[in-house]
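Trainee: My structure is below; once you've seen it, I'll send some questions.
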Amino acid sequence: MTIDIDSTHCQTYGLAKQGATGVDRHGERGYHPLLASVAGTGDVLHSRLREGVANSGRGAGSFVAEAITRARRAGATGPITLRADSGFYNHKVVQACRKAGATYSITVKVTKAVRAVIAAIPEHAWTPISYWLDGGADVAETSYRPFGRKGRVTRLIVRRVRPTPGSQLALFCDYDYHPFITDRDGSTLELEADHRRHAEVENTIRDLKYGVGLAHLPSGRFAANAAWLTLSVIAHNLARWTSRLGLDETLITTKTLRTRYLDLPGRLTRSARRWHLHLPTRWPWAQRFLLALDRLRCVPFPT
């Protein structure tokens with residue numbers, strides 16, 4: 001199992017909102033929840049509401065530990081990998097992964113020390129990769145000791161990208177570098193390609209915001225908004241499971257699921273002590289809807 005963690009901004013209106021009185025770096029008031037999703041499915045494994053001025057890494061160590069524990073309790077017995085961006089690049093996140101027996105793949109903040117390590121990579125060590133820009137990206141690997149001298153030496157995998165039209169780089173800089181640390185086993189190219197797939201967590205966040213209403217938290221009470229977050233996650237997961245089990249689709253969004261199969265004009269009648277649902281005669285997704293109902297009815301009840 002691969003767990004992707006990220007944070008997002010949920011806007012709110014009004015000044016008298018518990019935990020949303022401060023203005024974030026975007027100049028907006030709201031909340032900044034943490035989210036952990038399962039790669040490949042979009043299921044949300046864990047969530048935590050935080051005040052709007054919280055940075056990405058605040059409380060991330062305990063959040064990661066809780067997410068991995070939830071995965072184990074849910075039946076995940078195999079290896080677990082955590083993927084995260086540079087907002088979660090801190091020693092507490094790495095320690096939480098090691099303590100829980102999980103591997104990690106975390107984007108590194110490009111500091112002066114990191115640039116010096118990258119500059120020491122010989123030119124022959126860079127391997128071209130398939131990229132949307134022809135000849136625009138290469139990958140190399142070296143070792144690095146993150147978080148000071150007391151940190152463990154770990155793998156540092158770097159992707160360098162040639163400047164795209166309209167991009168701005170530092171003076172006398174020919175490439176834009178995207179490094180990450182990992183303790184996973186495997187080839188450099190496979191691990192780099194897998195780390196890039198962390199971007200799929202943005203699809204989950206977008207689905208939460210515009211599919212189940214997480215973009216705006218309505219209450220002036222922090223606890224009520226935390227409950228709203230929990231209910232949004234439950235609705236999102238139910239939509240994911242419905243699409244996979246009933247429709248045999250993974251990438252369908254909650255908005256599409258609601259528009260095609262849930263928000264439909266119908267008439268419920270009762271005859272011979274049985275309820276009957278009358279659907280539109282020219283509804284294009286009628287057969288898919290009925291097939292999904294039959295599949296969901298075949299799901300066995302837990303014993």
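To be explicit about the labels: the chains of the structure tokens are called A, B, and onward in the order shown, and within each one the residues are counted from 1, while ligands get numbers from 1 in the order they are shown.
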Find the residues near Arg98 in chain A: any atom within 12 Å, counting only C-alpha atoms, skip ones fewer than 4 places away on the same chain, and give them as an NGL selection string.
Mentor: :A and (61 or 64-65 or 68 or 80-82 or 91-94 or 102-104 or 152 or 182-184)
Trainee: Could you find all residues in range 202-300 of chain A that DSSP calls alpha helix (DSSP H) from the backbone, and write them as an MDAnalysis selection string?
Mentor: chainID A and resid 202:211 222:245 254:257 286:297
Trainee: Contacts between range 233-237 of chain A and range 39-134 of chain A, please, where a residue of range 39-134 of chain A counts if it comes within 10 Å (with only C-alpha atoms); show its shortest atom pair and distance in Å to one decimal, rows by chain and ascending number, as a Markdown table.
Mentor:
```
| residue | atom | partner | partner_atom | distance |
| --- | --- | --- | --- | --- |
| A:Thr41 | CA | A:Asn237 | CA | 9.6 |
| A:Gly42 | CA | A:Asn237 | CA | 8.1 |
| A:Asp43 | CA | A:Asn237 | CA | 5.5 |
| A:Val44 | CA | A:Val233 | CA | 6.5 |
| A:Leu45 | CA | A:Val233 | CA | 8.7 |
| A:His46 | CA | A:Val233 | CA | 8.5 |
| A:Ser47 | CA | A:Val233 | CA | 7.9 |
```
Trainee: Print the selection's residues with N, CA and C atoms to a file, as a compact mmCIF listing (two decimals), in the first residue's frame.
Mentor:
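This went into out18.txt:
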```
# COMPACT_ATOMS: atom_id res chain seq x y z
N THR A 41 -6.57 4.39 -5.61
CA THR A 41 -8.00 4.30 -5.38
C THR A 41 -8.62 5.64 -5.01
N GLY A 42 -7.85 6.52 -4.39
CA GLY A 42 -8.39 7.80 -3.94
C GLY A 42 -9.14 7.73 -2.64
N ASP A 43 -9.18 6.56 -1.97
CA ASP A 43 -9.83 6.46 -0.67
C ASP A 43 -9.08 7.29 0.36
N VAL A 44 -9.80 8.05 1.16
CA VAL A 44 -9.19 8.85 2.21
C VAL A 44 -9.05 7.98 3.45
N LEU A 45 -7.82 7.83 3.90
CA LEU A 45 -7.53 6.97 5.04
C LEU A 45 -7.61 7.72 6.36
N HIS A 46 -7.26 9.00 6.35
CA HIS A 46 -7.21 9.77 7.59
C HIS A 46 -7.33 11.25 7.24
N SER A 47 -7.89 12.02 8.17
CA SER A 47 -8.01 13.46 7.99
C SER A 47 -7.91 14.14 9.35
```
Trainee: Sorted by chain and rising residue number, which residues of range 97-168 of chain A lie within 12 Å of range 194-201 of chain A, and what are their closest atom pairs and distances in Å to one decimal, counting only C-alpha atoms, as JSON lines?
Mentor:
```
{"residue": "A:Tyr104", "atom": "CA", "partner": "A:His195", "partner_atom": "CA", "distance": 9.8}
{"residue": "A:Ser105", "atom": "CA", "partner": "A:His195", "partner_atom": "CA", "distance": 6.6}
{"residue": "A:Ile106", "atom": "CA", "partner": "A:His195", "partner_atom": "CA", "distance": 8.1}
{"residue": "A:Thr107", "atom": "CA", "partner": "A:His195", "partner_atom": "CA", "distance": 8.6}
{"residue": "A:Val108", "atom": "CA", "partner": "A:His195", "partner_atom": "CA", "distance": 12.0}
{"residue": "A:Tyr131", "atom": "CA", "partner": "A:Arg196", "partner_atom": "CA", "distance": 11.6}
{"residue": "A:Ile157", "atom": "CA", "partner": "A:His195", "partner_atom": "CA", "distance": 9.9}
{"residue": "A:Val158", "atom": "CA", "partner": "A:His195", "partner_atom": "CA", "distance": 10.9}
{"residue": "A:Arg159", "atom": "CA", "partner": "A:Arg196", "partner_atom": "CA", "distance": 10.0}
```
Trainee: May I have the residues from that selection written out with N, CA and C atoms, as a compact mmCIF listing (two decimals), in the first residue's frame?
Mentor:
```txt
# COMPACT_ATOMS: atom_id res chain seq x y z
N TYR A 104 9.54 5.44 3.00
CA TYR A 104 9.09 6.79 2.68
C TYR A 104 9.73 7.27 1.38
N SER A 105 9.08 8.25 0.79
CA SER A 105 9.54 8.92 -0.42
C SER A 105 9.07 10.37 -0.31
N ILE A 106 9.98 11.28 0.10
CA ILE A 106 9.61 12.64 0.47
C ILE A 106 10.45 13.63 -0.32
N THR A 107 9.80 14.59 -0.93
CA THR A 107 10.49 15.63 -1.67
C THR A 107 11.33 16.49 -0.73
N VAL A 108 12.52 16.83 -1.19
CA VAL A 108 13.48 17.59 -0.37
C VAL A 108 13.39 19.07 -0.72
N TYR A 131 9.73 12.20 -21.07
CA TYR A 131 9.13 13.38 -20.47
C TYR A 131 8.31 14.07 -21.53
N ILE A 157 17.45 10.97 -4.77
CA ILE A 157 17.19 10.84 -6.20
C ILE A 157 16.75 12.21 -6.73
N VAL A 158 17.36 12.61 -7.82
CA VAL A 158 17.14 13.96 -8.34
C VAL A 158 16.67 13.89 -9.79
N ARG A 159 15.65 14.66 -10.10
CA ARG A 159 15.22 14.85 -11.49
C ARG A 159 15.53 16.29 -11.88
```
Trainee: Can you tell me, as a list in words, what residues are no more than 8 Å from range 9-12 of chain A when counting only C-alpha atoms, ignoring any on the same chain fewer than 5 positions away?
Mentor: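 Those residues are Ala20, Glu28, Arg29, Gly30, Tyr31, His32, Pro33, Gly52, Leu214, Ala215, His216, Leu217 and Pro218 of chain A.
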Trainee: Of the candidates A:Ser62, A:Ser271, A:Ser130, A:Ser56, which one gets nearest to Ala100 in chain A if we count only C-alpha atoms?
Mentor: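 That would be A:Ser62, the residue with the smallest distance to Ala100 in chain A.
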Trainee: Using only C-alpha atoms, which protein or nucleic acid residues come within 12 Å of range 251-257 of chain A? Drop anything in the same chain fewer than 2 positions from it, and give the result as a PyMOL selection string.
Mentor: chain A and resi 40-43+200+203-213+232-233+235-244+246-249+259-264+285+288-289+292
Trainee: Take the residues just selected and output them with N, CA and C atoms as a CSV table (one decimal), in the first residue's frame.
Mentor:
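After the write, selection.csv holds the following:
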```
chain,number,residue,atom,x,y,z
A,40,GLY,N,-3.9,5.1,-6.0
A,40,GLY,CA,-4.5,4.2,-7.0
A,40,GLY,C,-6.0,4.2,-6.8
A,41,THR,N,-6.6,4.4,-5.6
A,41,THR,CA,-8.0,4.3,-5.4
A,41,THR,C,-8.6,5.6,-5.0
A,42,GLY,N,-7.8,6.5,-4.4
A,42,GLY,CA,-8.4,7.8,-3.9
A,42,GLY,C,-9.1,7.7,-2.6
A,43,ASP,N,-9.2,6.6,-2.0
A,43,ASP,CA,-9.8,6.5,-0.7
A,43,ASP,C,-9.1,7.3,0.4
A,200,GLU,N,-1.2,12.4,-7.9
A,200,GLU,CA,-2.6,12.0,-8.0
A,200,GLU,C,-3.4,12.3,-6.7
A,203,ASN,N,-6.0,14.9,-7.2
A,203,ASN,CA,-7.4,14.5,-7.7
A,203,ASN,C,-8.3,14.2,-6.6
A,204,THR,N,-7.8,13.6,-5.5
A,204,THR,CA,-8.6,13.3,-4.4
A,204,THR,C,-9.0,14.6,-3.7
A,205,ILE,N,-8.1,15.5,-3.5
A,205,ILE,CA,-8.4,16.8,-2.9
A,205,ILE,C,-9.5,17.5,-3.7
A,206,ARG,N,-9.3,17.6,-5.0
A,206,ARG,CA,-10.3,18.2,-5.9
A,206,ARG,C,-11.7,17.6,-5.8
A,207,ASP,N,-11.7,16.3,-5.7
A,207,ASP,CA,-13.0,15.6,-5.6
A,207,ASP,C,-13.6,15.9,-4.2
A,208,LEU,N,-12.8,16.0,-3.2
A,208,LEU,CA,-13.4,16.3,-1.9
A,208,LEU,C,-14.0,17.7,-1.9
A,209,LYS,N,-13.3,18.7,-2.5
A,209,LYS,CA,-13.7,20.0,-2.5
A,209,LYS,C,-15.0,20.3,-3.4
A,210,TYR,N,-15.0,19.7,-4.6
A,210,TYR,CA,-16.0,20.0,-5.5
A,210,TYR,C,-17.0,18.9,-5.8
A,211,GLY,N,-16.7,17.8,-5.1
A,211,GLY,CA,-17.6,16.6,-5.2
A,211,GLY,C,-18.5,16.5,-4.0
A,212,VAL,N,-18.0,16.7,-2.8
A,212,VAL,CA,-18.8,16.6,-1.6
A,212,VAL,C,-18.8,17.8,-0.7
A,213,GLY,N,-18.3,18.9,-1.2
A,213,GLY,CA,-18.5,20.2,-0.5
A,213,GLY,C,-17.5,20.6,0.6
A,232,SER,N,-17.6,14.6,5.1
A,232,SER,CA,-17.2,14.8,3.7
A,232,SER,C,-16.3,13.6,3.3
A,233,VAL,N,-15.4,13.2,4.2
A,233,VAL,CA,-14.6,12.0,3.9
A,233,VAL,C,-15.4,10.7,3.7
A,235,ALA,N,-18.6,10.5,2.8
A,235,ALA,CA,-19.3,10.6,1.6
A,235,ALA,C,-18.4,10.3,0.4
A,236,HIS,N,-17.2,10.9,0.4
A,236,HIS,CA,-16.2,10.6,-0.6
A,236,HIS,C,-15.9,9.1,-0.8
A,237,ASN,N,-15.6,8.5,0.4
A,237,ASN,CA,-15.2,7.1,0.3
A,237,ASN,C,-16.4,6.2,-0.1
A,238,LEU,N,-17.6,6.5,0.3
A,238,LEU,CA,-18.8,5.8,-0.2
A,238,LEU,C,-18.9,5.9,-1.7
A,239,ALA,N,-18.6,7.1,-2.2
A,239,ALA,CA,-18.7,7.3,-3.7
A,239,ALA,C,-17.6,6.5,-4.4
A,240,ARG,N,-16.4,6.5,-3.8
A,240,ARG,CA,-15.4,5.7,-4.4
A,240,ARG,C,-15.7,4.2,-4.4
A,241,TRP,N,-16.3,3.7,-3.3
A,241,TRP,CA,-16.6,2.3,-3.3
A,241,TRP,C,-17.8,1.9,-4.2
A,242,THR,N,-18.7,2.9,-4.3
A,242,THR,CA,-19.9,2.6,-5.2
A,242,THR,C,-19.4,2.6,-6.6
A,243,SER,N,-18.5,3.4,-7.0
A,243,SER,CA,-18.0,3.4,-8.4
A,243,SER,C,-17.2,2.2,-8.7
A,244,ARG,N,-16.4,1.7,-7.8
A,244,ARG,CA,-15.6,0.5,-8.0
A,244,ARG,C,-16.4,-0.7,-8.0
A,246,GLY,N,-19.9,-1.1,-7.9
A,246,GLY,CA,-21.1,-1.1,-8.7
A,246,GLY,C,-20.9,-0.8,-10.2
A,247,LEU,N,-20.0,0.1,-10.5
A,247,LEU,CA,-19.8,0.5,-11.9
A,247,LEU,C,-18.5,0.0,-12.5
A,248,ASP,N,-17.6,-0.6,-11.7
A,248,ASP,CA,-16.3,-1.1,-12.1
A,248,ASP,C,-15.5,0.0,-12.7
A,249,GLU,N,-15.6,1.2,-12.1
A,249,GLU,CA,-14.8,2.4,-12.6
A,249,GLU,C,-14.1,3.0,-11.4
A,259,THR,N,-24.2,13.4,-10.8
A,259,THR,CA,-25.0,13.9,-11.9
A,259,THR,C,-25.7,12.7,-12.7
A,260,ARG,N,-25.0,11.7,-12.9
A,260,ARG,CA,-25.5,10.6,-13.8
A,260,ARG,C,-26.4,9.6,-13.1
A,261,TYR,N,-26.0,9.3,-11.8
A,261,TYR,CA,-26.7,8.1,-11.2
A,261,TYR,C,-27.5,8.5,-9.9
A,262,LEU,N,-27.2,9.6,-9.3
A,262,LEU,CA,-27.9,9.9,-8.0
A,262,LEU,C,-28.9,11.0,-8.1
A,263,ASP,N,-28.6,12.1,-8.8
A,263,ASP,CA,-29.6,13.2,-8.9
A,263,ASP,C,-30.4,12.9,-10.2
A,264,LEU,N,-31.3,11.9,-10.1
A,264,LEU,CA,-32.1,11.6,-11.3
A,264,LEU,C,-33.5,11.8,-11.0
A,285,TRP,N,-28.2,6.3,-18.8
A,285,TRP,CA,-27.4,5.4,-17.9
A,285,TRP,C,-28.3,4.5,-17.1
A,288,ARG,N,-26.7,0.9,-16.8
A,288,ARG,CA,-25.5,1.0,-15.9
A,288,ARG,C,-26.0,1.1,-14.5
A,289,PHE,N,-27.1,1.9,-14.2
A,289,PHE,CA,-27.6,2.1,-12.9
A,289,PHE,C,-28.2,0.7,-12.4
A,292,ALA,N,-25.4,-1.6,-11.5
A,292,ALA,CA,-24.7,-1.3,-10.3
A,292,ALA,C,-25.5,-1.7,-9.1
```
Trainee: Nearest to Asn90 in chain A among A:Arg155, A:Lys109, A:Arg273, A:Arg282, with distances taken over only C-alpha atoms: which residue is it?
Mentor: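 Looking at the shortest contact to Asn90 in chain A, the residue is A:Lys109.
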Trainee: Apply DSSP to the structure's backbone, then extract all residues of range 16-82 of chain A labelled strand (DSSP E or B) and return them as a ChimeraX atom specification.
Mentor: /A:23,29-31,34-38,44-48,51,81-82
Trainee: Quick one: write out the picked residues with N, CA and C atoms as a compact mmCIF listing (two decimals), in the first residue's frame?
Mentor:
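Listed below is the output, part-v4.txt:
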```
# COMPACT_ATOMS: atom_id res chain seq x y z
N VAL A 23 -5.01 35.02 8.59
CA VAL A 23 -4.94 35.04 7.14
C VAL A 23 -3.73 34.25 6.69
N ARG A 29 -8.96 33.58 4.55
CA ARG A 29 -9.29 32.99 5.85
C ARG A 29 -9.89 31.62 5.64
N GLY A 30 -9.59 30.70 6.54
CA GLY A 30 -10.14 29.36 6.40
C GLY A 30 -9.40 28.37 7.27
N TYR A 31 -9.42 27.12 6.84
CA TYR A 31 -8.80 26.03 7.58
C TYR A 31 -7.80 25.31 6.67
N LEU A 34 -5.19 18.30 7.09
CA LEU A 34 -4.29 17.28 6.60
C LEU A 34 -5.11 16.11 6.07
N LEU A 35 -4.66 15.50 4.97
CA LEU A 35 -5.38 14.39 4.36
C LEU A 35 -4.39 13.30 3.97
N ALA A 36 -4.77 12.05 4.19
CA ALA A 36 -3.98 10.89 3.77
C ALA A 36 -4.88 10.01 2.92
N SER A 37 -4.46 9.74 1.69
CA SER A 37 -5.26 8.94 0.77
C SER A 37 -4.46 7.75 0.28
N VAL A 38 -5.17 6.72 -0.16
CA VAL A 38 -4.56 5.51 -0.68
C VAL A 38 -4.31 5.69 -2.17
N VAL A 44 -9.80 8.05 1.16
CA VAL A 44 -9.19 8.85 2.21
C VAL A 44 -9.05 7.98 3.45
N LEU A 45 -7.82 7.83 3.90
CA LEU A 45 -7.53 6.97 5.04
C LEU A 45 -7.61 7.72 6.36
N HIS A 46 -7.26 9.00 6.35
CA HIS A 46 -7.21 9.77 7.59
C HIS A 46 -7.33 11.25 7.24
N SER A 47 -7.89 12.02 8.17
CA SER A 47 -8.01 13.46 7.99
C SER A 47 -7.91 14.14 9.35
N ARG A 48 -7.45 15.38 9.32
CA ARG A 48 -7.34 16.15 10.56
C ARG A 48 -7.52 17.63 10.23
N GLU A 51 -6.18 24.84 12.08
CA GLU A 51 -6.48 26.24 11.83
C GLU A 51 -5.83 26.70 10.54
N THR A 81 4.24 2.31 2.02
CA THR A 81 5.12 3.40 1.61
C THR A 81 4.39 4.71 1.75
N LEU A 82 5.08 5.70 2.28
CA LEU A 82 4.53 7.04 2.42
C LEU A 82 5.14 7.96 1.37
```
Trainee: Might you pull out every residue within 9 Å of Pro280 in chain A, with only C-alpha atoms counted and same-chain residues fewer than 4 positions away left off, and present them as a CSV table (one decimal) with N, CA and C atoms, in the first residue's frame?
Mentor:
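See around28.csv below for the written result:
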```
chain,number,residue,atom,x,y,z
A,264,LEU,N,-31.3,11.9,-10.1
A,264,LEU,CA,-32.1,11.6,-11.3
A,264,LEU,C,-33.5,11.8,-11.0
A,265,PRO,N,-34.3,12.2,-12.0
A,265,PRO,CA,-35.8,12.3,-11.7
A,265,PRO,C,-36.4,10.9,-11.7
A,266,GLY,N,-37.1,10.5,-10.7
A,266,GLY,CA,-37.7,9.2,-10.6
A,266,GLY,C,-38.9,9.3,-9.7
A,267,ARG,N,-39.7,8.2,-9.7
A,267,ARG,CA,-40.9,8.1,-9.0
A,267,ARG,C,-41.0,6.8,-8.2
A,286,ALA,N,-29.5,4.1,-17.7
A,286,ALA,CA,-30.4,3.3,-16.9
A,286,ALA,C,-29.8,1.9,-16.8
```
Trainee: Please build the interface table for range 89-137 of chain A against range 141-149 of chain A with a cut-off of 10 Å, listing for each qualifying residue the nearest atom pair and the distance in Å to one decimal; count only C-alpha atoms, order rows by chain and increasing number, and write it as a Markdown table.
Mentor:
```
| residue | atom | partner | partner_atom | distance |
| --- | --- | --- | --- | --- |
| A:Tyr89 | CA | A:Phe147 | CA | 9.2 |
| A:Asn90 | CA | A:Phe147 | CA | 7.2 |
| A:His91 | CA | A:Phe147 | CA | 6.4 |
| A:Val108 | CA | A:Pro146 | CA | 8.8 |
| A:Ala113 | CA | A:Pro146 | CA | 9.6 |
| A:Val114 | CA | A:Tyr144 | CA | 8.2 |
| A:Val117 | CA | A:Tyr144 | CA | 7.4 |
| A:Ile118 | CA | A:Thr142 | CA | 8.0 |
| A:Ala120 | CA | A:Thr142 | CA | 9.1 |
| A:Ile121 | CA | A:Thr142 | CA | 7.1 |
| A:Ala125 | CA | A:Glu141 | CA | 7.7 |
| A:Trp126 | CA | A:Glu141 | CA | 8.1 |
| A:Thr127 | CA | A:Glu141 | CA | 9.7 |
```
Trainee: For the selection just defined, write its residues with N, CA and C atoms to a file, as a PDB file, in the first residue's frame.
Mentor:
```pdb
ATOM      1  N   TYR A  89       8.767  17.555   4.632  1.00  0.00           N
ATOM      2  CA  TYR A  89      10.178  17.187   4.744  1.00  0.00           C
ATOM      3  C   TYR A  89      10.694  17.618   6.114  1.00  0.00           C
ATOM      4  N   ASN A  90      10.562  16.749   7.102  1.00  0.00           N
ATOM      5  CA  ASN A  90      11.107  16.985   8.442  1.00  0.00           C
ATOM      6  C   ASN A  90      11.381  15.650   9.117  1.00  0.00           C
ATOM      7  N   HIS A  91      12.206  15.692  10.138  1.00  0.00           N
ATOM      8  CA  HIS A  91      12.681  14.455  10.765  1.00  0.00           C
ATOM      9  C   HIS A  91      11.570  13.726  11.503  1.00  0.00           C
ATOM     10  N   VAL A 108      12.523  16.835  -1.185  1.00  0.00           N
ATOM     11  CA  VAL A 108      13.476  17.588  -0.368  1.00  0.00           C
ATOM     12  C   VAL A 108      13.391  19.069  -0.722  1.00  0.00           C
ATOM     13  N   ALA A 113      22.779  23.491   0.873  1.00  0.00           N
ATOM     14  CA  ALA A 113      23.481  22.226   1.057  1.00  0.00           C
ATOM     15  C   ALA A 113      23.043  21.191   0.028  1.00  0.00           C
ATOM     16  N   VAL A 114      21.759  21.157  -0.280  1.00  0.00           N
ATOM     17  CA  VAL A 114      21.251  20.201  -1.260  1.00  0.00           C
ATOM     18  C   VAL A 114      21.783  20.540  -2.647  1.00  0.00           C
ATOM     19  N   VAL A 117      25.274  19.200  -3.021  1.00  0.00           N
ATOM     20  CA  VAL A 117      25.305  17.754  -3.251  1.00  0.00           C
ATOM     21  C   VAL A 117      24.932  17.442  -4.699  1.00  0.00           C
ATOM     22  N   ILE A 118      23.927  18.144  -5.225  1.00  0.00           N
ATOM     23  CA  ILE A 118      23.519  17.904  -6.605  1.00  0.00           C
ATOM     24  C   ILE A 118      24.615  18.322  -7.579  1.00  0.00           C
ATOM     25  N   ALA A 120      27.684  18.100  -7.205  1.00  0.00           N
ATOM     26  CA  ALA A 120      28.784  17.136  -7.194  1.00  0.00           C
ATOM     27  C   ALA A 120      28.478  15.876  -7.998  1.00  0.00           C
ATOM     28  N   ILE A 121      27.254  15.723  -8.490  1.00  0.00           N
ATOM     29  CA  ILE A 121      26.913  14.550  -9.295  1.00  0.00           C
ATOM     30  C   ILE A 121      27.596  14.666 -10.648  1.00  0.00           C
ATOM     31  N   ALA A 125      26.467  10.468 -14.788  1.00  0.00           N
ATOM     32  CA  ALA A 125      25.528   9.762 -13.915  1.00  0.00           C
ATOM     33  C   ALA A 125      24.073  10.074 -14.243  1.00  0.00           C
ATOM     34  N   TRP A 126      23.820  11.102 -15.058  1.00  0.00           N
ATOM     35  CA  TRP A 126      22.450  11.482 -15.385  1.00  0.00           C
ATOM     36  C   TRP A 126      21.913  10.605 -16.512  1.00  0.00           C
ATOM     37  N   THR A 127      20.687  10.092 -16.311  1.00  0.00           N
ATOM     38  CA  THR A 127      20.033   9.215 -17.284  1.00  0.00           C
ATOM     39  C   THR A 127      18.799   9.903 -17.832  1.00  0.00           C
TER      40      THR A 127
END
```
